[in-house]
Amino acid sequence: MSPPPPASADAATVRVPGAQFVTDGATRLKEIGFAALLLTLLGIALLTLLVLMIDVIVEGASSITPEFFTETPSRIDPESSGIAPAIWGTVWLMIVCAAFIIPVGVASAIYLEEYASRENWFARFVEVNIQNLAAVPSIVYGVLGLAFLVRGPLSLGNVVLAGGLTLGLLVLPVVIVAGREAIRAVPPSIREGSMALGATKWQTIWKQVLPASIPGIATGVILALSRAIGETAPLIVVGATAFATSTSTALLQEFSALPIQIFGWTADPQEAFKALAAGAIIVLMVILLGMNAIAIWLRNRYEQKW
Amino acid sequence: MEAGTHLTGGTPGGLGPLGVRRRRWGEEVIRALLFLAAAISVLTTVGILVALLTESIPFFREVGTKFFTESEWSPLFADPQFGIWPLLNGTFLITGIAILVAVPIGLGSAVYLSEYASPRVRKTVKPILEVLVGVPTVVFGYFALAFVTPEILQALGIKVGIYNALSAGLVMGIMIVPTIASISEDAMRAVPQGLREGAYGMGATKRQVATKVVFPAAISGIVAACVLGVSRGVGETMIVLLAAGLDPNLGINPVDGYATITTFMGAAADGDNPAGSIGYESIFACGLTLFFLTLLMNMIAIRFVRRYREVYE
């Protein structure tokens, strides 16, 4: 990316002569004081993030050993505790979540962009609905999963499938919104060309529109998964456990997950478990940063100018 | 798409006359499947309401108006009490502390990024603030319990308990900063350049332009940002569950521990409450309260955002 030209019409770059003409000492002091205050406030936010990172690394670095990734968590012995079941649980949750949000999210986006016209009442209704879903606290999605997936009609129990689908419902709007943007960015001329050659509407979507919008959709899916991977509250409600021992989690088994493991260890009154929690946080944050880096790379690498 | 629909019928097979559409069943089935997928997000909302109501109705049938009139909350005890006020008190006390932190920091950052920062600084700082959005809340919870309470509050000589509203509120405030900063910065940058130039032309200083022209012009977006911030705080679970404890408390002293609506839900769902018990149903009654609180705030925020968009577009 090239730096923006210095002489843009941007608000902050316009040199305003008035600022230099101030000669009154008190006014100038006020100006400087105000700017310093703003900078301090911004600094507090950035500094806190820095302190958080440093604290986690200092506390958790010693926990990260090869055994940390292969052992199961112990209720009594911090020394021999590890995150193997948590990692496998998270992997399975993400597989279930992706298997749900990719087809459903992309299909929704296609329907809303290609089939329902902008004035269609259904499209508008879905839009308002997605706006409102974004404001629903994540723990309420846990309650939804508890009522319909864990117990109630499906009665799956406290299993990976229920957890993954709950997270999927939570982040589905992210995929729909990103998918719609990616599809909208494909110029109409592509569709018209395809249809002029005799392709049906679906052939046009499947062979032309979707391939052209895959980078945008993939970015949305990764961002959705990176939101899902850190969610804890809904998993607590659907009954994930910080003391799962199995590492070969199948779809219908009790499960743990990285954020659940972090929660369990942080809440433990024994001080030694805090270091394990910090270690697990490092692992989770590294995965998260990796996912975000991939999303940014995808966006820059495949960004298409029509 | 209008041009295409006329042609789709005829061309690939026999040359049908233009304007006559052959019905393609495959296309219709696909359209129906796509519609079903789009309906799932609507069904999610319906599902949330149905789930919350089906378990809340038996709860309210048994508890009735005591939910709003009594002042004690202990649905899992042998002698259960069902007054929601202690949970609301904890929720709004902690969110209030968070807002006291998040509003000055968030708005200060927004004014700086919108009015003072060079494009280069803005390009560097905004992604860092976005990292703050991506930090899982359980990590903030760890930070509040394992760092802020012992290493900052207790080190400063403030007599806080292990679980206290102060640490949860401070950290929740930091969590909310990016929400407030990014929405209100968007609002400030939407203020037309002409307003700023007009003020400068009349001899206003940079600070006067920021505080007396841009800030008031963007006020509805700024209010919306703050309302959304409150809504995020009210719905937040992990920070309070880890750092504020589980004690339903009607006090206002921030050094004490408090239960909130979300912490009760998390803790009760974590424990063993058989389906159909009043303890199980109380999770849903709390969920319903939370759902309506956040929905209300979201609607207020959307209304404010609409208003500021209408002014300058």
# chains A, B, ... in the order shown; residues from 1 in each chain; ligands from 1
call {"tool": "interface_residues", "arguments": {"of": "chain B", "to": "chain A", "cutoff": "6 Å", "atoms": "only C-alpha atoms", "output": "NGL selection string"}}
result
:B and (4 or 8 or 11-12 or 34 or 37-38 or 48 or 51 or 105 or 108-109 or 112 or 115-116 or 118 or 136 or 205 or 207 or 235 or 269)
call {"tool": "write_last_selection", "arguments": {"atoms": "N, CA and C atoms", "output": "compact mmCIF listing (two decimals), in the first residue's frame"}}
result
# COMPACT_ATOMS: atom_id res chain seq x y z
N GLY B 4 -31.75 -9.65 -18.64
CA GLY B 4 -31.45 -11.07 -18.68
C GLY B 4 -32.68 -11.95 -18.66
N THR B 8 -33.41 -15.76 -20.82
CA THR B 8 -33.03 -17.04 -20.21
C THR B 8 -33.82 -18.20 -20.75
N THR B 11 -32.68 -19.26 -25.42
CA THR B 11 -31.46 -19.46 -26.17
C THR B 11 -30.80 -20.84 -26.17
N PRO B 12 -30.49 -21.48 -24.98
CA PRO B 12 -29.65 -22.67 -25.11
C PRO B 12 -30.33 -23.84 -25.83
N LEU B 34 -32.28 -21.09 -1.32
CA LEU B 34 -31.60 -19.86 -0.91
C LEU B 34 -32.49 -19.04 0.02
N ALA B 37 -32.35 -20.44 3.47
CA ALA B 37 -31.12 -20.06 4.16
C ALA B 37 -31.27 -18.64 4.73
N ALA B 38 -31.81 -17.73 3.91
CA ALA B 38 -31.96 -16.35 4.36
C ALA B 38 -32.95 -16.27 5.52
N ILE B 48 -34.98 -17.25 19.60
CA ILE B 48 -34.57 -16.64 20.87
C ILE B 48 -35.81 -16.25 21.68
N ALA B 51 -37.66 -19.41 22.88
CA ALA B 51 -36.92 -20.08 23.95
C ALA B 51 -37.09 -19.31 25.26
N ILE B 105 -12.35 8.41 27.52
CA ILE B 105 -11.26 7.85 26.72
C ILE B 105 -11.70 7.66 25.27
N GLY B 108 -12.34 11.19 23.63
CA GLY B 108 -11.05 11.85 23.47
C GLY B 108 -10.27 11.25 22.31
N SER B 109 -10.24 9.92 22.26
CA SER B 109 -9.54 9.25 21.16
C SER B 109 -10.19 9.60 19.83
N TYR B 112 -9.34 13.14 18.76
CA TYR B 112 -7.95 13.19 18.33
C TYR B 112 -7.80 12.59 16.95
N GLU B 115 -9.84 14.86 14.28
CA GLU B 115 -9.49 16.28 14.06
C GLU B 115 -8.01 16.59 14.13
N TYR B 116 -7.24 15.79 14.86
CA TYR B 116 -5.85 16.15 15.09
C TYR B 116 -4.85 15.24 14.37
N SER B 118 -2.61 12.95 11.98
CA SER B 118 -2.29 12.91 10.55
C SER B 118 -2.81 11.58 10.01
N PRO B 136 -10.73 -11.56 23.22
CA PRO B 136 -11.88 -12.25 23.81
C PRO B 136 -12.16 -11.72 25.22
N THR B 205 -10.04 28.74 16.77
CA THR B 205 -8.85 27.91 16.88
C THR B 205 -9.26 26.45 16.65
N ARG B 207 -9.04 23.92 18.67
CA ARG B 207 -9.80 23.38 19.79
C ARG B 207 -11.25 23.85 19.72
N GLY B 235 -24.67 -6.40 28.49
CA GLY B 235 -24.72 -7.78 28.03
C GLY B 235 -23.45 -8.56 28.26
N ALA B 269 -26.43 -21.67 34.85
CA ALA B 269 -26.37 -22.64 33.76
C ALA B 269 -25.20 -23.59 33.94
call {"tool": "select_by_dssp", "arguments": {"residues": "range 41-170 of chain B", "states": "alpha helix (DSSP H)", "output": "PyMOL selection string"}}
result
chain B and resi 41-63+66-69+85-111+119-134+137-143+165-170
call {"tool": "residues_around", "arguments": {"residues": "Thr91 in chain B", "least_positions_apart": "5", "cutoff": "7 Å", "atoms": "only C-alpha atoms", "output": "ChimeraX atom specification"}}
result
/B:234,260-261
call {"tool": "residues_around", "arguments": {"residues": "Ala162 in chain A", "least_positions_apart": "4", "cutoff": "9 Å", "atoms": "only C-alpha atoms", "output": "ChimeraX atom specification"}}
result
/A:145-146,149-150,156-158,166-167,238,251-252
call {"tool": "closest_residue", "arguments": {"among": "B:Ala225, B:Val46, B:Ala204, B:Ala165", "to": "Asn249 in chain B", "atoms": "only C-alpha atoms"}}
result
B:Ala165
call {"tool": "atom_distance", "arguments": {"atom1": "CA of Leu132 in chain B", "atom2": "CA of Leu276 in chain A"}}
result
22.3 Å
call {"tool": "closest_residue", "arguments": {"among": "A:Gly279, A:Pro78, A:Pro85, A:Gly290", "to": "Ala61 in chain A", "atoms": "only C-alpha atoms"}}
result
A:Gly279
call {"tool": "atom_distance", "arguments": {"atom1": "CA of Thr95 in chain B", "atom2": "CA of Gly233 in chain B"}}
result
5.4 Å
call {"tool": "residues_around", "arguments": {"residues": "range 207-210 of chain A", "least_positions_apart": "2", "cutoff": "8 Å", "atoms": "only C-alpha atoms", "output": "list in words"}}
result
Ile183, Val186, Ile190, Arg191, Ser194, Gln203, Thr204, Ile205, Ala212, Ser213 and Ile214 of chain A
